[in-house]
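*Asks:* Quick one: the structure is below, questions incoming.
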Amino acid sequence: MTVRFKGKPPSRRAFLQGALASGGAIAGATAASAAGPDPLITEKQEWAQATGEGVDATPYGLPIQFESDVVRRNVEWLTADTISSINFTPIHALDGTITPQGCAFERHHSGAIELRKEDFRLMINGLVDRELVFTYADLERFPRVTRTYFLECAANTGMEWAGAQLNGSQFTHGMIHNMEYTGVTLRTLLEEAGVKPEGKWVMVEGADASSNARSIPLEKAMDDCLVAFKANGEALRMEHGYPVRLCVPGWEGNMWVKWLRRIEVGDAPWESREETSKYTDTLEDGTSRKWTWVMDAKSVVTSPSPQMPITHGKGPLVITGLAWSGRGAITGVDVSIDGGKNWKEARLAAPGQDMALTRFYLDHDWDGSEMFLQSRAKDSTGYVQPTKTQLREVRGLNSIYHNNCIQTWWVKPNGEAENVEVS
Amino acid sequence: MSKYRKLVITTALAALVASPVLAEKLGLGRAALPEEVAAWNHDVRPDGLGLPEGTGSVEDGETIFSDNCAMCHGEFAEGVDNWPKLAGGMGTLDRDDPLKTVGSYWPYLSTTWDYINRSMPFGNAQTLTPDEVYAIVAYILYSNDMVDDDFVLSKETFLDVEMPNADGFIIDDRAETEYPQFSQAPCMENCKAEVKVTMRAAVLDVTPDVAGDEAAAEMAPAAEEEAAAEPVAAEPVVAEPVVVALDPELVDAGKKVFKKCKACHQVGEGAANKVGPQLNHLIGRTLGGEEGFKYSKTIVEMGEGGQVWTEEALAEFLSKPKSYIAKTKMSFAGLKKDKDIEAVTEYLKSFSQ
């Protein structure tokens, strides 16, 4: 049940060496082409002569076998059981901004359930003019919207509060995904039921055994929340709440209730388990912040990074990463290669969109010396992503959630990278 | 003109991406019936709104907790393995490694009641009666030294319980304590004199061993080849046990039933003991005979008496676990339908051959 943030005794791993070995092979091929005619060009290749697979070989396509390492991964010591656990999006290996559903991280409290559209019911009850029940087919008849939003778990980067812990942007920053959702605004449904004047909060509840329930202020519910049934153009995946989940743009992922079955309107918050005992942030003096819903601006360099070492030696290097803010749009990202002494403005792949991931690039001529790579996001409110030291000064070490600090990757002359903290 | 045009374009764009605005209700959906609302509307608020009538004592709670909760949360709510600890930790919130429990951290008692009622027991949620929930909550309070052993919790006494950390929370104050200082124009050049590494992840080294997975995957084909080669060399010397053909439909149905068991039991490749023992090769296994699992005394004694898991024994156990094995640690009420027992048995048999 609990996501634990202080590790078990370490075990030695050879994972970095593995990444380097495979990278080395690619680099070798590049070198060979310089030395003489490349057999990949001069010799006739089997794939250029024989035919390939016909259509329908895979009615629903999967990534090609060579990309089989680009998958969600779990950190076993974090939780007691995978049924109530979390895994991580392979952000290190992705580009652009949309996260494919098949590798978008999962967080379940009682496992992912198989709920048929035909068995789906959504109830609105409480302080409304008419308590209503909708079927899935009903939802499809309401005016529809399509919006792109990131979902970040409040615990993303939580393991790093006390110190550099996990080697890889997938593990430090992979509790995030970004999808284009289609659905009906929560406002549309609430207006259909008619919220009574004394209604100030809504409680949203899931249909699975965890019955995850969160209180949301009516203002947010009426603003931009979305009752979604499609993601990236297709049905939601089971693990993301098929057939219907809630989107609460810019706010912590735990509120994005999956398998949504009930929306209750009330005059006060419910103070459920997930908004009191969890998802509250303990400060140094032992008091804790609650209702810390919004995800502040944050960014991370996804490559190079520990899972994405530089394998081509010095010269042109693409430094890339992701930035986002729950309070608006990303307006810029600065990148430092010297641990924050000097910064350069990165290039945004597209102008930042409210509460959606932004991709940034810095085209760099690497001289082959060590780098302390950092990125710093800026959003439309004027907020600038803080350092870990700045955050700790306000919050201490026990906050667990909402760690949006600047991340440092120590890139060594051999291209390997390591998660470090710097002065 | 240009100004006017710009305005028109802006307005047009806004209209193009605006949310749908409905003049009136669409009349979709139907009225929720009172019994439907009653069936789902179980949430309880700090002010007691939603609490049903009921009562439960610490004494009853101890037994119910032991039967339903202790396999994960410990007999004294102290937590087993990585499962949540529910008791203790008073006065640790301002320390390095705070222990957050119902007693030390949770600000409202209603949260405990509500969570147990709607979300617990894990793997068998929403099966407790209100009296049982009152009793379990009473026992958790007792485990936290918040009430005496003769305490009885009821709807009437509920709001009298004071939670030690009730005043330990403040509403999100980032707008005052963080946003002003984190909204300064950032430094771009010569921002600090030196950069030193102060901590390295490689020192702690808790990253999952990804290469290990790949190495295992690479090993697998070789192992398979060996296995495939084996039967050629090894002619059966002893008569093989009679392998009864399984009914694939029943196995499939059993797989669904097994979802009720999955919170505690693993079966299939790589199955390990979790909250409950792993269930590969269950049929024919001695009761309490899975190595490395801590069973209840009763089941171990039954095993020592020579009892083994047959289909019949399993059926009897699954229909009423606690009457077949007194004091079994398995907190599962049992499967009511014979059809389900038959199916799950067939499913388990598919891992027993």
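Here's how to read the names in the structure tokens: chain A, B, ... by the order shown, residue numbers from 1 in each chain, ligand numbers from 1 in the order shown.
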Once you count only C-alpha atoms, which residues of chain B turn out to be within 6 Å of chain A? Could you give them as a PyMOL selection string?
*Replies:* chain B and resi 25+29-32+45+82-83+93-94+106+111+119+125+168-172+182-183+188-192+195-201+205-211
*Asks:* So which residues touch region 329-334 of chain B within 7 Å, counting only C-alpha atoms, skipping near sequence neighbours fewer than 5 positions away, as a PDB file with N, CA and C atoms, in the first residue's frame?
*Replies:*
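Wrote it out as out_30.pdb, contents follow:
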```pdb
ATOM      1  N   ASP B  67      -8.441 -11.798  12.340  1.00  0.00           N
ATOM      2  CA  ASP B  67      -8.952 -12.613  11.232  1.00  0.00           C
ATOM      3  C   ASP B  67      -8.834 -11.921   9.885  1.00  0.00           C
ATOM      4  N   ASN B  68      -8.991 -10.616   9.869  1.00  0.00           N
ATOM      5  CA  ASN B  68      -9.137  -9.921   8.595  1.00  0.00           C
ATOM      6  C   ASN B  68      -7.965  -9.022   8.193  1.00  0.00           C
ATOM      7  N   MET B  71      -2.789 -10.346   8.822  1.00  0.00           N
ATOM      8  CA  MET B  71      -1.798 -10.971   7.941  1.00  0.00           C
ATOM      9  C   MET B  71      -0.952  -9.929   7.207  1.00  0.00           C
ATOM     10  N   SER B 296      -0.353 -20.959  10.253  1.00  0.00           N
ATOM     11  CA  SER B 296      -0.967 -21.053  11.582  1.00  0.00           C
ATOM     12  C   SER B 296      -0.618 -22.436  12.145  1.00  0.00           C
ATOM     13  N   LEU B 318     -12.328 -24.221   0.863  1.00  0.00           N
ATOM     14  CA  LEU B 318     -12.721 -22.985   0.192  1.00  0.00           C
ATOM     15  C   LEU B 318     -14.171 -22.596   0.464  1.00  0.00           C
ATOM     16  N   SER B 319     -15.014 -23.576   0.777  1.00  0.00           N
ATOM     17  CA  SER B 319     -16.402 -23.210   1.054  1.00  0.00           C
ATOM     18  C   SER B 319     -16.508 -22.576   2.432  1.00  0.00           C
ATOM     19  N   LYS B 320     -15.697 -23.026   3.381  1.00  0.00           N
ATOM     20  CA  LYS B 320     -15.732 -22.419   4.724  1.00  0.00           C
ATOM     21  C   LYS B 320     -14.354 -22.534   5.357  1.00  0.00           C
ATOM     22  N   PRO B 321     -13.447 -21.642   5.003  1.00  0.00           N
ATOM     23  CA  PRO B 321     -12.056 -21.771   5.450  1.00  0.00           C
ATOM     24  C   PRO B 321     -11.902 -21.953   6.948  1.00  0.00           C
TER      25      PRO B 321
END
```
*Asks:* Tell me, as a PyMOL selection string, which residues lie within 6 Å of Lys314 (chain A), counting only C-alpha atoms; anything in the same chain fewer than 3 positions away does not count.
*Replies:* chain A and resi 366-368
*Asks:* So which residues touch Phe151 (chain B) within 8 Å, counting only C-alpha atoms, skipping near sequence neighbours fewer than 6 positions away, as a VMD selection string?
*Replies:* chain B and resid 57 to 58 138
